[in-house]
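First comes the structure, then the notes that go with it.
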Amino acid sequence: MRAFIFPGQGSQSVGMGAALADASRVAKDVFDEVDEALGQNLFRLMREGADDELKLTENAQPAIMAHSIAVLRTMGVPLVDVASFVAGHSLGEYSALCAAGSFDLSTTAKLLKLRGQAMQQAVPVGEGAMAALLGADLALAQKIAEAASRGEVCTVANDNDPSQVVISGQKSAIDRAIAMAKEMGAKRAVPLPVSAPFHCPLMQPAAEAMRDALSYVVVEEPVLPVFANVTAQPETDPDAIRNQLVEQVTGMVRWRESVANMFDAGVHEFVEIGGKVLGSMVKRTVLDASVTSIVTIEDIEAAAKEIA
């Protein structure tokens, strides 16, 4: 069995999608549709930069999704013919839902633009932070976060794989966690270059904004089960999907569990669409898994011979 997986924030880079759009009219149409939906020349920003502008959450989120969907559509194969499940890391869950037909492309782009804006506005710049704990599993990361909190917000944001967990919260608490992480057993703690503390209770204003936005949106039943970040379980019910997307804003991304559960369900081949960041997490979680990353037109042509 095969799962298609979709990357999250951090996988953006200036130049993304440019060669693909030059090689594929289908890809160019995806970028044009997203530009039209947003009333913004996002693809020019993706193609030319500036890098700091592309990194802005409100730009990075729809850009990463657009790139993934452009790659997927250029492949030109019906999803149900080549995969059993889909999943995405954080904003990648929206890419997965778009790929599986729960949202159309324009709606997905608008939701992610709003999501990025709401997340950025939820916490003033400089008051929140995130850090990656390397050589730490979930249990150790939770202990470090709890020890560092001291009445402030400091929680696990992303359980990425057995040796990489990301924490999120108020900057002073994250600074304390970084300082004590090695002494408590982590190999290293690395502050992340993010503009807001994602996936923690400080994001509650953004969760409410998404609850409101999603209440006006039709959520179709996906053509394949989508593994939800907040439950690490497959989901097809539109109302459950809507609620899980709201919970996801403040909740932990249970990526390690999602990968393990997909493997237990029979998935032995993971195909990352539009990025090269999730594959290493998959391999560290499930040693026997096969991982393929499809980003370029050359990747797509090579995959066409393998994926059928």
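Here, A, B, ... name the chains of the structure tokens in the order displayed, residue numbers run from 1 inside each chain, and ligands are numbered from 1 in the same displayed order.
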How close does each residue of range 53-102 of chain A get to range 205-221 of chain A, giving the shortest atom pair and distance in Å to one decimal for every residue with an atom at most 10 Å away, counting only C-alpha atoms, sorted by chain and residue number, as a tab-separated table?
```
residue	atom	partner	partner_atom	distance
A:Leu97	CA	A:Val219	CA	9.2
A:Cys98	CA	A:Glu220	CA	9.9
A:Ala100	CA	A:Glu221	CA	8.4
A:Gly101	CA	A:Glu220	CA	6.7
A:Ser102	CA	A:Glu220	CA	4.2
```
**Q.** Near-Arg188 in chain A list (10 Å; only C-alpha atoms; drop same-chain fewer than 4 positions) as a list in words
**A.**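 Using only C-alpha atoms, the neighbours found are Ala132, Leu133, Leu134, Gly135, Ala136, Gln164, Ile178, Ala179, Met180, Ala181, Lys182 and Glu183 of chain A.
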Check the DSSP output for the backbone and give back, as an mmCIF file with N, CA and C atoms, in the first residue's frame, the residues of range 35-267 of chain A in helix (DSSP H, G or I).
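After the write, out04.cif holds the following:
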```
data_model
loop_
_atom_site.group_PDB
_atom_site.id
_atom_site.type_symbol
_atom_site.label_atom_id
_atom_site.label_comp_id
_atom_site.auth_asym_id
_atom_site.auth_seq_id
_atom_site.Cartn_x
_atom_site.Cartn_y
_atom_site.Cartn_z
ATOM 1 N N ASP A 35 -3.242 32.429 -7.655
ATOM 2 C CA ASP A 35 -3.082 33.888 -7.747
ATOM 3 C C ASP A 35 -4.430 34.580 -7.862
ATOM 4 N N GLU A 36 -5.287 34.033 -8.707
ATOM 5 C CA GLU A 36 -6.607 34.641 -8.912
ATOM 6 C C GLU A 36 -7.447 34.561 -7.636
ATOM 7 N N ALA A 37 -7.392 33.428 -6.959
ATOM 8 C CA ALA A 37 -8.180 33.252 -5.734
ATOM 9 C C ALA A 37 -7.753 34.231 -4.653
ATOM 10 N N LEU A 38 -6.445 34.504 -4.571
ATOM 11 C CA LEU A 38 -5.923 35.364 -3.513
ATOM 12 C C LEU A 38 -5.882 36.834 -3.911
ATOM 13 N N LEU A 42 1.177 35.633 -6.101
ATOM 14 C CA LEU A 42 1.964 34.773 -5.220
ATOM 15 C C LEU A 42 3.029 34.018 -6.004
ATOM 16 N N PHE A 43 2.693 33.606 -7.223
ATOM 17 C CA PHE A 43 3.670 32.807 -7.967
ATOM 18 C C PHE A 43 4.907 33.622 -8.324
ATOM 19 N N ARG A 44 4.741 34.905 -8.605
ATOM 20 C CA ARG A 44 5.927 35.732 -8.849
ATOM 21 C C ARG A 44 6.810 35.771 -7.599
ATOM 22 N N LEU A 45 6.185 35.840 -6.424
ATOM 23 C CA LEU A 45 6.940 35.811 -5.174
ATOM 24 C C LEU A 45 7.647 34.467 -4.998
ATOM 25 N N MET A 46 6.959 33.376 -5.363
ATOM 26 C CA MET A 46 7.579 32.055 -5.281
ATOM 27 C C MET A 46 8.760 31.960 -6.244
ATOM 28 N N ARG A 47 8.584 32.511 -7.427
ATOM 29 C CA ARG A 47 9.605 32.392 -8.475
ATOM 30 C C ARG A 47 10.806 33.289 -8.204
ATOM 31 N N GLU A 48 10.546 34.525 -7.740
ATOM 32 C CA GLU A 48 11.602 35.536 -7.696
ATOM 33 C C GLU A 48 11.968 36.015 -6.296
ATOM 34 N N ASP A 51 13.049 36.518 -0.358
ATOM 35 C CA ASP A 51 12.964 35.383 0.534
ATOM 36 C C ASP A 51 12.202 35.725 1.815
ATOM 37 N N ASP A 52 12.489 36.888 2.396
ATOM 38 C CA ASP A 52 11.822 37.276 3.643
ATOM 39 C C ASP A 52 10.322 37.392 3.466
ATOM 40 N N GLU A 53 9.898 37.831 2.293
ATOM 41 C CA GLU A 53 8.461 37.974 2.028
ATOM 42 C C GLU A 53 7.807 36.609 1.828
ATOM 43 N N LEU A 54 8.520 35.711 1.147
ATOM 44 C CA LEU A 54 7.985 34.368 0.944
ATOM 45 C C LEU A 54 7.872 33.618 2.267
ATOM 46 N N LYS A 55 8.788 33.888 3.198
ATOM 47 C CA LYS A 55 8.779 33.210 4.492
ATOM 48 C C LYS A 55 7.611 33.641 5.376
ATOM 49 N N THR A 57 4.308 33.857 7.052
ATOM 50 C CA THR A 57 3.387 32.731 7.195
ATOM 51 C C THR A 57 2.215 32.803 6.222
ATOM 52 N N GLU A 58 1.682 34.007 6.021
ATOM 53 C CA GLU A 58 0.511 34.147 5.156
ATOM 54 C C GLU A 58 0.838 33.883 3.688
ATOM 55 N N ASN A 59 2.117 33.972 3.314
ATOM 56 C CA ASN A 59 2.544 33.656 1.949
ATOM 57 C C ASN A 59 3.056 32.219 1.841
ATOM 58 N N ALA A 60 3.838 31.796 2.831
ATOM 59 C CA ALA A 60 4.444 30.469 2.776
ATOM 60 C C ALA A 60 3.386 29.370 2.740
ATOM 61 N N GLN A 61 2.316 29.531 3.532
ATOM 62 C CA GLN A 61 1.336 28.449 3.621
ATOM 63 C C GLN A 61 0.621 28.187 2.288
ATOM 64 N N PRO A 62 0.024 29.208 1.643
ATOM 65 C CA PRO A 62 -0.595 28.912 0.343
ATOM 66 C C PRO A 62 0.427 28.553 -0.734
ATOM 67 N N ALA A 63 1.649 29.070 -0.636
ATOM 68 C CA ALA A 63 2.671 28.771 -1.643
ATOM 69 C C ALA A 63 3.066 27.301 -1.596
ATOM 70 N N ILE A 64 3.274 26.784 -0.409
ATOM 71 C CA ILE A 64 3.659 25.377 -0.267
ATOM 72 C C ILE A 64 2.539 24.472 -0.757
ATOM 73 N N MET A 65 1.314 24.816 -0.413
ATOM 74 C CA MET A 65 0.167 24.022 -0.886
ATOM 75 C C MET A 65 0.080 24.058 -2.414
ATOM 76 N N ALA A 66 0.190 25.259 -2.985
ATOM 77 C CA ALA A 66 0.096 25.394 -4.443
ATOM 78 C C ALA A 66 1.161 24.549 -5.138
ATOM 79 N N HIS A 67 2.367 24.560 -4.587
ATOM 80 C CA HIS A 67 3.450 23.780 -5.187
ATOM 81 C C HIS A 67 3.146 22.285 -5.132
ATOM 82 N N SER A 68 2.661 21.816 -3.979
ATOM 83 C CA SER A 68 2.332 20.392 -3.860
ATOM 84 C C SER A 68 1.251 19.984 -4.852
ATOM 85 N N ILE A 69 0.203 20.796 -4.947
ATOM 86 C CA ILE A 69 -0.910 20.447 -5.845
ATOM 87 C C ILE A 69 -0.458 20.534 -7.304
ATOM 88 N N ALA A 70 0.427 21.481 -7.621
ATOM 89 C CA ALA A 70 0.956 21.569 -8.991
ATOM 90 C C ALA A 70 1.733 20.304 -9.350
ATOM 91 N N VAL A 71 2.539 19.822 -8.407
ATOM 92 C CA VAL A 71 3.281 18.579 -8.647
ATOM 93 C C VAL A 71 2.317 17.421 -8.839
ATOM 94 N N LEU A 72 1.344 17.318 -7.947
ATOM 95 C CA LEU A 72 0.381 16.216 -8.015
ATOM 96 C C LEU A 72 -0.382 16.211 -9.335
ATOM 97 N N ARG A 73 -0.871 17.364 -9.741
ATOM 98 C CA ARG A 73 -1.665 17.423 -10.980
ATOM 99 C C ARG A 73 -0.806 17.192 -12.212
ATOM 100 N N THR A 74 0.450 17.610 -12.154
ATOM 101 C CA THR A 74 1.342 17.354 -13.288
ATOM 102 C C THR A 74 1.594 15.865 -13.447
ATOM 103 N N MET A 75 1.568 15.140 -12.331
ATOM 104 C CA MET A 75 1.722 13.679 -12.407
ATOM 105 C C MET A 75 0.614 13.063 -13.245
ATOM 106 N N LEU A 79 -5.769 10.046 -7.910
ATOM 107 C CA LEU A 79 -5.242 9.712 -6.590
ATOM 108 C C LEU A 79 -5.702 8.336 -6.113
ATOM 109 N N VAL A 80 -6.969 8.026 -6.350
ATOM 110 C CA VAL A 80 -7.507 6.750 -5.850
ATOM 111 C C VAL A 80 -6.863 5.551 -6.537
ATOM 112 N N ASP A 81 -6.244 5.775 -7.684
ATOM 113 C CA ASP A 81 -5.605 4.668 -8.408
ATOM 114 C C ASP A 81 -4.205 4.363 -7.886
ATOM 115 N N VAL A 82 -3.602 5.316 -7.162
ATOM 116 C CA VAL A 82 -2.197 5.148 -6.807
ATOM 117 C C VAL A 82 -1.910 5.206 -5.304
ATOM 118 N N GLY A 92 0.241 21.112 5.615
ATOM 119 C CA GLY A 92 0.179 20.059 4.606
ATOM 120 C C GLY A 92 -1.095 19.243 4.668
ATOM 121 N N GLU A 93 -1.776 19.276 5.827
ATOM 122 C CA GLU A 93 -3.061 18.586 5.923
ATOM 123 C C GLU A 93 -4.081 19.217 4.975
ATOM 124 N N TYR A 94 -3.989 20.536 4.782
ATOM 125 C CA TYR A 94 -4.860 21.211 3.815
ATOM 126 C C TYR A 94 -4.514 20.769 2.394
ATOM 127 N N SER A 95 -3.235 20.617 2.100
ATOM 128 C CA SER A 95 -2.823 20.111 0.780
ATOM 129 C C SER A 95 -3.387 18.721 0.554
ATOM 130 N N ALA A 96 -3.299 17.880 1.591
ATOM 131 C CA ALA A 96 -3.820 16.516 1.485
ATOM 132 C C ALA A 96 -5.326 16.520 1.250
ATOM 133 N N LEU A 97 -6.036 17.390 1.951
ATOM 134 C CA LEU A 97 -7.497 17.477 1.792
ATOM 135 C C LEU A 97 -7.873 18.019 0.416
ATOM 136 N N CYS A 98 -7.079 18.952 -0.097
ATOM 137 C CA CYS A 98 -7.310 19.451 -1.459
ATOM 138 C C CYS A 98 -7.062 18.339 -2.468
ATOM 139 N N ALA A 99 -5.974 17.607 -2.282
ATOM 140 C CA ALA A 99 -5.652 16.501 -3.183
ATOM 141 C C ALA A 99 -6.754 15.452 -3.197
ATOM 142 N N LEU A 105 -9.259 23.962 -5.039
ATOM 143 C CA LEU A 105 -7.970 24.642 -4.941
ATOM 144 C C LEU A 105 -8.124 26.079 -4.447
ATOM 145 N N SER A 106 -9.085 26.815 -4.993
ATOM 146 C CA SER A 106 -9.263 28.217 -4.602
ATOM 147 C C SER A 106 -9.622 28.338 -3.133
ATOM 148 N N THR A 107 -10.521 27.471 -2.677
ATOM 149 C CA THR A 107 -10.914 27.494 -1.269
ATOM 150 C C THR A 107 -9.730 27.183 -0.374
ATOM 151 N N THR A 108 -8.932 26.199 -0.747
ATOM 152 C CA THR A 108 -7.762 25.830 0.050
ATOM 153 C C THR A 108 -6.795 26.996 0.165
ATOM 154 N N ALA A 109 -6.551 27.677 -0.948
ATOM 155 C CA ALA A 109 -5.634 28.821 -0.934
ATOM 156 C C ALA A 109 -6.150 29.925 -0.015
ATOM 157 N N LYS A 110 -7.436 30.227 -0.099
ATOM 158 C CA LYS A 110 -8.009 31.286 0.746
ATOM 159 C C LYS A 110 -7.961 30.910 2.222
ATOM 160 N N LEU A 111 -8.247 29.650 2.531
ATOM 161 C CA LEU A 111 -8.201 29.200 3.927
ATOM 162 C C LEU A 111 -6.782 29.309 4.489
ATOM 163 N N LEU A 112 -5.795 28.939 3.676
ATOM 164 C CA LEU A 112 -4.420 28.986 4.163
ATOM 165 C C LEU A 112 -3.908 30.418 4.283
ATOM 166 N N LYS A 113 -4.333 31.290 3.405
ATOM 167 C CA LYS A 113 -3.970 32.712 3.545
ATOM 168 C C LYS A 113 -4.510 33.242 4.868
ATOM 169 N N LEU A 114 -5.772 32.961 5.145
ATOM 170 C CA LEU A 114 -6.393 33.396 6.398
ATOM 171 C C LEU A 114 -5.717 32.743 7.596
ATOM 172 N N ARG A 115 -5.440 31.453 7.482
ATOM 173 C CA ARG A 115 -4.782 30.723 8.573
ATOM 174 C C ARG A 115 -3.431 31.347 8.901
ATOM 175 N N GLY A 116 -2.663 31.654 7.871
ATOM 176 C CA GLY A 116 -1.357 32.272 8.084
ATOM 177 C C GLY A 116 -1.473 33.641 8.739
ATOM 178 N N GLN A 117 -2.424 34.445 8.274
ATOM 179 C CA GLN A 117 -2.625 35.775 8.858
ATOM 180 C C GLN A 117 -3.071 35.667 10.313
ATOM 181 N N ALA A 118 -4.016 34.756 10.578
ATOM 182 C CA ALA A 118 -4.547 34.608 11.936
ATOM 183 C C ALA A 118 -3.487 34.102 12.896
ATOM 184 N N MET A 119 -2.643 33.186 12.436
ATOM 185 C CA MET A 119 -1.569 32.668 13.287
ATOM 186 C C MET A 119 -0.562 33.764 13.615
ATOM 187 N N GLN A 120 -0.243 34.584 12.623
ATOM 188 C CA GLN A 120 0.725 35.653 12.851
ATOM 189 C C GLN A 120 0.180 36.700 13.810
ATOM 190 N N GLN A 121 -1.106 36.986 13.692
ATOM 191 C CA GLN A 121 -1.719 38.032 14.516
ATOM 192 C C GLN A 121 -2.042 37.564 15.931
ATOM 193 N N ALA A 122 -2.041 36.260 16.169
ATOM 194 C CA ALA A 122 -2.445 35.728 17.474
ATOM 195 C C ALA A 122 -1.478 36.110 18.583
ATOM 196 N N LEU A 138 9.061 11.856 22.584
ATOM 197 C CA LEU A 138 7.924 12.624 23.073
ATOM 198 C C LEU A 138 7.926 12.729 24.597
ATOM 199 N N ALA A 139 8.175 11.629 25.281
ATOM 200 C CA ALA A 139 8.125 11.631 26.744
ATOM 201 C C ALA A 139 9.165 12.598 27.328
ATOM 202 N N LEU A 140 10.383 12.574 26.790
ATOM 203 C CA LEU A 140 11.423 13.472 27.285
ATOM 204 C C LEU A 140 11.078 14.920 26.957
ATOM 205 N N ALA A 141 10.582 15.158 25.747
ATOM 206 C CA ALA A 141 10.215 16.522 25.353
ATOM 207 C C ALA A 141 9.130 17.082 26.272
ATOM 208 N N GLN A 142 8.173 16.247 26.629
ATOM 209 C CA GLN A 142 7.114 16.699 27.532
ATOM 210 C C GLN A 142 7.677 17.053 28.906
ATOM 211 N N LYS A 143 8.629 16.270 29.384
ATOM 212 C CA LYS A 143 9.265 16.564 30.676
ATOM 213 C C LYS A 143 10.026 17.891 30.625
ATOM 214 N N ILE A 144 10.757 18.105 29.546
ATOM 215 C CA ILE A 144 11.517 19.350 29.396
ATOM 216 C C ILE A 144 10.560 20.545 29.331
ATOM 217 N N ALA A 145 9.501 20.408 28.538
ATOM 218 C CA ALA A 145 8.531 21.500 28.404
ATOM 219 C C ALA A 145 7.873 21.818 29.741
ATOM 220 N N GLU A 146 7.518 20.789 30.474
ATOM 221 C CA GLU A 146 6.870 20.995 31.768
ATOM 222 C C GLU A 146 7.823 21.670 32.758
ATOM 223 N N ALA A 147 9.079 21.238 32.764
ATOM 224 C CA ALA A 147 10.063 21.815 33.674
ATOM 225 C C ALA A 147 10.343 23.273 33.342
ATOM 226 N N ALA A 148 10.282 23.615 32.055
ATOM 227 C CA ALA A 148 10.610 24.970 31.614
ATOM 228 C C ALA A 148 9.432 25.938 31.727
ATOM 229 N N SER A 149 8.231 25.439 31.853
ATOM 230 C CA SER A 149 7.053 26.295 31.751
ATOM 231 C C SER A 149 6.965 27.328 32.878
ATOM 232 N N LYS A 171 8.320 32.978 24.679
ATOM 233 C CA LYS A 171 9.758 32.970 24.394
ATOM 234 C C LYS A 171 10.596 32.699 25.633
ATOM 235 N N SER A 172 10.239 33.289 26.750
ATOM 236 C CA SER A 172 11.042 33.087 27.959
ATOM 237 C C SER A 172 11.036 31.623 28.380
ATOM 238 N N ALA A 173 9.891 30.952 28.222
ATOM 239 C CA ALA A 173 9.807 29.537 28.583
ATOM 240 C C ALA A 173 10.589 28.671 27.605
ATOM 241 N N ILE A 174 10.515 29.002 26.327
ATOM 242 C CA ILE A 174 11.278 28.244 25.324
ATOM 243 C C ILE A 174 12.769 28.440 25.546
ATOM 244 N N ASP A 175 13.185 29.658 25.895
ATOM 245 C CA ASP A 175 14.601 29.907 26.200
ATOM 246 C C ASP A 175 15.058 29.038 27.371
ATOM 247 N N ARG A 176 14.207 28.915 28.395
ATOM 248 C CA ARG A 176 14.556 28.056 29.533
ATOM 249 C C ARG A 176 14.675 26.602 29.099
ATOM 250 N N ALA A 177 13.766 26.167 28.234
ATOM 251 C CA ALA A 177 13.801 24.780 27.750
ATOM 252 C C ALA A 177 15.078 24.508 26.975
ATOM 253 N N ILE A 178 15.473 25.458 26.154
ATOM 254 C CA ILE A 178 16.718 25.293 25.382
ATOM 255 C C ILE A 178 17.910 25.168 26.327
ATOM 256 N N ALA A 179 17.908 25.973 27.372
ATOM 257 C CA ALA A 179 19.027 25.985 28.316
ATOM 258 C C ALA A 179 19.131 24.680 29.103
ATOM 259 N N MET A 180 17.982 24.050 29.407
ATOM 260 C CA MET A 180 18.017 22.858 30.252
ATOM 261 C C MET A 180 17.912 21.547 29.470
ATOM 262 N N ALA A 181 17.700 21.618 28.164
ATOM 263 C CA ALA A 181 17.404 20.413 27.380
ATOM 264 C C ALA A 181 18.527 19.383 27.437
ATOM 265 N N PRO A 201 -1.335 26.561 22.930
ATOM 266 C CA PRO A 201 -2.538 27.290 23.361
ATOM 267 C C PRO A 201 -2.537 28.780 23.033
ATOM 268 N N LEU A 202 -1.360 29.371 22.807
ATOM 269 C CA LEU A 202 -1.311 30.789 22.450
ATOM 270 C C LEU A 202 -1.974 31.060 21.099
ATOM 271 N N MET A 203 -2.188 30.023 20.325
ATOM 272 C CA MET A 203 -2.811 30.160 19.004
ATOM 273 C C MET A 203 -4.345 30.123 19.063
ATOM 274 N N GLN A 204 -4.927 30.158 20.249
ATOM 275 C CA GLN A 204 -6.383 30.063 20.357
ATOM 276 C C GLN A 204 -7.126 31.123 19.535
ATOM 277 N N PRO A 205 -6.669 32.385 19.498
ATOM 278 C CA PRO A 205 -7.364 33.356 18.623
ATOM 279 C C PRO A 205 -7.387 32.921 17.163
ATOM 280 N N ALA A 206 -6.305 32.292 16.701
ATOM 281 C CA ALA A 206 -6.257 31.799 15.321
ATOM 282 C C ALA A 206 -7.204 30.620 15.140
ATOM 283 N N ALA A 207 -7.319 29.775 16.150
ATOM 284 C CA ALA A 207 -8.257 28.646 16.081
ATOM 285 C C ALA A 207 -9.681 29.158 15.938
ATOM 286 N N GLU A 208 -10.029 30.211 16.669
ATOM 287 C CA GLU A 208 -11.382 30.775 16.572
ATOM 288 C C GLU A 208 -11.618 31.382 15.192
ATOM 289 N N ALA A 209 -10.590 32.011 14.643
ATOM 290 C CA ALA A 209 -10.712 32.574 13.285
ATOM 291 C C ALA A 209 -10.955 31.464 12.267
ATOM 292 N N MET A 210 -10.265 30.334 12.435
ATOM 293 C CA MET A 210 -10.457 29.217 11.510
ATOM 294 C C MET A 210 -11.810 28.535 11.738
ATOM 295 N N ARG A 211 -12.265 28.481 12.979
ATOM 296 C CA ARG A 211 -13.591 27.920 13.239
ATOM 297 C C ARG A 211 -14.655 28.718 12.469
ATOM 298 N N ASP A 212 -14.524 30.045 12.525
ATOM 299 C CA ASP A 212 -15.473 30.908 11.821
ATOM 300 C C ASP A 212 -15.370 30.705 10.310
ATOM 301 N N ALA A 213 -14.151 30.718 9.776
ATOM 302 C CA ALA A 213 -13.958 30.584 8.326
ATOM 303 C C ALA A 213 -14.462 29.238 7.822
ATOM 304 N N LEU A 214 -14.152 28.177 8.549
ATOM 305 C CA LEU A 214 -14.543 26.833 8.107
ATOM 306 C C LEU A 214 -16.044 26.600 8.214
ATOM 307 N N SER A 215 -16.735 27.397 9.037
ATOM 308 C CA SER A 215 -18.185 27.240 9.161
ATOM 309 C C SER A 215 -18.914 27.663 7.887
ATOM 310 N N PRO A 238 -16.877 14.647 6.851
ATOM 311 C CA PRO A 238 -16.642 16.084 6.663
ATOM 312 C C PRO A 238 -16.745 16.910 7.943
ATOM 313 N N ASP A 239 -17.718 16.606 8.811
ATOM 314 C CA ASP A 239 -17.850 17.378 10.047
ATOM 315 C C ASP A 239 -16.663 17.144 10.971
ATOM 316 N N ALA A 240 -16.193 15.905 11.038
ATOM 317 C CA ALA A 240 -15.024 15.602 11.859
ATOM 318 C C ALA A 240 -13.794 16.315 11.309
ATOM 319 N N ILE A 241 -13.637 16.334 9.983
ATOM 320 C CA ILE A 241 -12.504 17.011 9.351
ATOM 321 C C ILE A 241 -12.518 18.492 9.702
ATOM 322 N N ARG A 242 -13.690 19.105 9.615
ATOM 323 C CA ARG A 242 -13.822 20.530 9.930
ATOM 324 C C ARG A 242 -13.364 20.802 11.378
ATOM 325 N N ASN A 243 -13.845 20.003 12.307
ATOM 326 C CA ASN A 243 -13.493 20.188 13.717
ATOM 327 C C ASN A 243 -12.015 19.943 13.971
ATOM 328 N N GLN A 244 -11.464 18.937 13.295
ATOM 329 C CA GLN A 244 -10.047 18.616 13.495
ATOM 330 C C GLN A 244 -9.138 19.719 12.977
ATOM 331 N N LEU A 245 -9.540 20.401 11.916
ATOM 332 C CA LEU A 245 -8.737 21.505 11.401
ATOM 333 C C LEU A 245 -8.710 22.678 12.376
ATOM 334 N N VAL A 246 -9.793 22.859 13.119
ATOM 335 C CA VAL A 246 -9.811 23.892 14.165
ATOM 336 C C VAL A 246 -8.900 23.477 15.317
ATOM 337 N N GLU A 247 -9.032 22.238 15.756
ATOM 338 C CA GLU A 247 -8.209 21.729 16.865
ATOM 339 C C GLU A 247 -6.726 21.749 16.504
ATOM 340 N N GLN A 248 -6.438 21.561 15.231
ATOM 341 C CA GLN A 248 -5.052 21.459 14.776
ATOM 342 C C GLN A 248 -4.268 22.741 15.034
ATOM 343 N N VAL A 249 -4.940 23.882 15.057
ATOM 344 C CA VAL A 249 -4.238 25.165 15.206
ATOM 345 C C VAL A 249 -3.525 25.244 16.554
ATOM 346 N N THR A 250 -4.155 24.747 17.597
ATOM 347 C CA THR A 250 -3.550 24.777 18.932
ATOM 348 C C THR A 250 -2.998 23.414 19.349
ATOM 349 N N TRP A 255 2.699 13.552 14.072
ATOM 350 C CA TRP A 255 3.199 13.016 12.807
ATOM 351 C C TRP A 255 3.809 11.627 12.977
ATOM 352 N N ARG A 256 4.624 11.451 14.025
ATOM 353 C CA ARG A 256 5.241 10.143 14.264
ATOM 354 C C ARG A 256 4.171 9.056 14.370
ATOM 355 N N GLU A 257 3.139 9.324 15.153
ATOM 356 C CA GLU A 257 2.065 8.344 15.308
ATOM 357 C C GLU A 257 1.318 8.119 14.002
ATOM 358 N N SER A 258 1.111 9.185 13.235
ATOM 359 C CA SER A 258 0.409 9.052 11.951
ATOM 360 C C SER A 258 1.170 8.118 11.022
ATOM 361 N N VAL A 259 2.483 8.320 10.937
ATOM 362 C CA VAL A 259 3.315 7.468 10.076
ATOM 363 C C VAL A 259 3.275 6.024 10.565
ATOM 364 N N ALA A 260 3.439 5.831 11.877
ATOM 365 C CA ALA A 260 3.419 4.477 12.436
ATOM 366 C C ALA A 260 2.071 3.806 12.207
ATOM 367 N N ASN A 261 0.996 4.575 12.349
ATOM 368 C CA ASN A 261 -0.340 4.004 12.159
ATOM 369 C C ASN A 261 -0.614 3.679 10.700
ATOM 370 N N MET A 262 -0.109 4.509 9.782
ATOM 371 C CA MET A 262 -0.248 4.182 8.358
ATOM 372 C C MET A 262 0.511 2.896 8.036
ATOM 373 N N PHE A 263 1.707 2.779 8.594
ATOM 374 C CA PHE A 263 2.503 1.571 8.378
ATOM 375 C C PHE A 263 1.764 0.341 8.913
ATOM 376 N N ASP A 264 1.204 0.471 10.109
ATOM 377 C CA ASP A 264 0.452 -0.635 10.706
ATOM 378 C C ASP A 264 -0.784 -0.988 9.880
#
```
(Q) So that I can check the secondary structure, give me every residue of range 10-99 of chain A assigned strand (DSSP E or B) by backbone DSSP, as a ChimeraX atom specification. (A) /A:85-88
Q: Find the residues near Thr285 in chain A: any atom within 6 Å, counting only C-alpha atoms, skip ones fewer than 2 places away on the same chain, and give them as a VMD selection string.
A: chain A and resid 161 282 to 283
Let me see the file: selected residues, C-alpha atoms, as a PDB file, in the first residue's frame.
```pdb
ATOM      1  CA  ASP A 161       9.787  11.250  14.779  1.00  0.00           C
ATOM      2  CA  VAL A 282       9.300   8.684   7.992  1.00  0.00           C
ATOM      3  CA  LYS A 283      12.517   6.662   7.774  1.00  0.00           C
TER       4      LYS A 283
END
```
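Note that the spacing between CA of Asp104 in chain A and CA of Pro234 in chain A amounts to 20.2 Å.
Between CA of Ser290 in chain A and CA of His268 in chain A the interatomic distance comes to 6.1 Å.
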Q | Shell around Thr292 in chain A at 12 Å using only C-alpha atoms, local window under 5 positions removed, as a list in words | A | Arg2, Ala3, Phe4, Ile5, Phe6, His268, Glu269, Phe270, Val271, Glu272, Ile273, Gly274, Gly275, Lys276, Val277, Leu278, Gly279, Ser280, Val282, Lys283, Asp299, Ile300, Ala302, Ala303, Glu306 and Ile307 of chain A
Fewer than 3 positions away in the same chain doesn't count, so skip those; otherwise give me all residues within 7 Å of Leu20 in chain A, counting only C-alpha atoms, as a tab-separated table (two decimals) with C-alpha atoms, in the first residue's frame.
```tsv
chain	number	residue	atom	x	y	z
A	17	GLY	CA	7.70	25.74	-8.90
A	23	ALA	CA	7.67	22.53	-18.22
A	24	SER	CA	3.99	21.93	-17.46
A	27	ALA	CA	1.32	23.30	-13.08
A	296	THR	CA	10.81	18.39	-10.08
A	297	ILE	CA	9.58	17.49	-13.56
```
Q. Quick one: distance from CA of Pro222 in chain A to CA of Ala83 in chain A in Å, one decimal?
A. 12.7 Å
